[in-house]
Structure formats: structure tokens, C-alpha cells
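Okay, query_10.cif is below, mmCIF, C-alpha atoms:
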```cif
data_upload
#
loop_
_atom_site.group_PDB
_atom_site.id
_atom_site.type_symbol
_atom_site.label_atom_id
_atom_site.label_comp_id
_atom_site.auth_asym_id
_atom_site.auth_seq_id
_atom_site.Cartn_x
_atom_site.Cartn_y
_atom_site.Cartn_z
ATOM 1 C CA MET A 1 167.386 -247.292 7.016
ATOM 2 C CA ASP A 2 167.546 -243.816 8.471
ATOM 3 C CA TRP A 3 164.355 -243.475 10.526
ATOM 4 C CA LYS A 4 164.833 -239.759 11.120
ATOM 5 C CA LYS A 5 164.909 -238.983 7.377
ATOM 6 C CA LEU A 6 161.880 -241.191 6.835
ATOM 7 C CA ALA A 7 159.964 -239.380 9.580
ATOM 8 C CA VAL A 8 160.881 -235.975 8.126
ATOM 9 C CA CYS A 9 159.760 -237.000 4.627
ATOM 10 C CA LEU A 10 156.481 -238.411 5.928
ATOM 11 C CA ALA A 11 155.851 -235.281 7.978
ATOM 12 C CA ALA A 12 156.504 -233.103 4.914
ATOM 13 C CA CYS A 13 154.043 -235.141 2.832
ATOM 14 C CA PHE A 14 151.340 -234.976 5.494
ATOM 15 C CA ALA A 15 151.921 -231.237 5.956
ATOM 16 C CA ALA A 16 151.560 -230.627 2.211
ATOM 17 C CA ALA A 17 148.320 -232.623 2.162
ATOM 18 C CA ALA A 18 146.957 -230.743 5.182
ATOM 19 C CA ILE A 19 147.777 -227.344 3.688
ATOM 20 C CA GLY A 20 146.147 -228.310 0.405
ATOM 21 C CA SER A 21 143.003 -229.544 2.111
ATOM 22 C CA VAL A 22 142.642 -226.286 4.045
ATOM 23 C CA PHE A 23 142.306 -224.394 0.767
ATOM 24 C CA THR A 24 140.202 -226.904 -1.186
ATOM 25 C CA ALA A 25 137.784 -228.384 1.379
ATOM 26 C CA PRO A 26 135.455 -225.353 1.663
ATOM 27 C CA ALA A 27 134.823 -225.275 -2.100
ATOM 28 C CA ILE A 28 134.204 -228.988 -2.657
ATOM 29 C CA THR A 29 130.587 -229.205 -1.472
ATOM 30 C CA GLY A 30 129.359 -226.336 -3.623
ATOM 31 C CA TRP A 31 131.443 -227.392 -6.602
ATOM 32 C CA TYR A 32 130.281 -230.999 -6.632
ATOM 33 C CA ALA A 33 126.633 -230.080 -6.168
ATOM 34 C CA SER A 34 126.786 -227.727 -9.158
ATOM 35 C CA LEU A 35 128.210 -230.331 -11.569
ATOM 36 C CA ALA A 36 126.042 -231.561 -14.428
ATOM 37 C CA LYS A 37 125.832 -235.249 -13.568
ATOM 38 C CA PRO A 38 124.627 -237.975 -15.952
ATOM 39 C CA TRP A 39 121.239 -239.630 -15.462
ATOM 40 C CA PHE A 40 122.860 -242.844 -14.188
ATOM 41 C CA SER A 41 124.699 -241.091 -11.354
ATOM 42 C CA PRO A 42 123.501 -242.579 -8.038
ATOM 43 C CA PRO A 43 122.067 -240.353 -5.302
ATOM 44 C CA ASP A 44 124.458 -239.043 -2.667
ATOM 45 C CA TRP A 45 123.080 -241.222 0.150
ATOM 46 C CA VAL A 46 124.058 -244.407 -1.729
ATOM 47 C CA PHE A 47 127.770 -243.607 -1.723
ATOM 48 C CA ALA A 48 128.590 -244.340 1.939
ATOM 49 C CA PRO A 49 127.000 -247.815 2.231
ATOM 50 C CA VAL A 50 128.304 -248.990 -1.149
ATOM 51 C CA TRP A 51 131.788 -247.668 -0.449
ATOM 52 C CA SER A 52 131.790 -249.453 2.915
ATOM 53 C CA LEU A 53 130.828 -252.741 1.276
ATOM 54 C CA LEU A 54 133.556 -252.427 -1.319
#
```

Render the structure in this file as C-alpha cells.
Amino acid sequence: MDWKKLAVCLAACFAAAAIGSVFTAPAITGWYASLAKPWFSPPDWVFAPVWSLL
């Protein structure tokens, strides 16, 4: 296995993810809050504890 090629590929993937998050992160909070959610959608504060238990 060529460790240098693996490191370059991993770095490229992480760089692409970081660049994408720079452009999308600011819009996520406003976008999600404005969605029309169904009546059975849990409140926001429930997400963190339930996700941690899962």
C-alpha cells in the first residue's frame, strides 16, 4: 500500500468537505427553521440526548 497516495486522497476528501461546509453552514440554521415540519416532528432540544443514546 502506498501511504503517500492514501494521505493525498484523504486530504483531498477532507478539503472538499471543508470547502463545502464553508458555503453551506451559514444557511442551514435559517433553512431548517423555515421548513414546514409534520406534527410528529420532535422539538429541537430532544435531538441531542436521543442521538447520544443511539

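Counting from atom CA of Leu54 of chain A, the distance to atom CA of Phe40 of chain A is 19.3 Å.
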
Report summary line: Students should find that atom CA of Trp31 of chain A and atom CA of Asp44 of chain A are spaced 14.1 Å

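Between atom CA of Leu35 of chain A and atom CA of Ser52 of chain A lies a distance of 24.3 Å.
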
Requested in this report: Considering all atoms listed in the file, return as a list in words whatever protein or nucleic-acid residues lie within 12 Å of Ala33 of chain A, sequence-local ones (same chain, fewer than 5 positions apart) excluded.
Outcome: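 My reading of the contact set: Ala27, Ile28, Pro43 and Asp44 of chain A.
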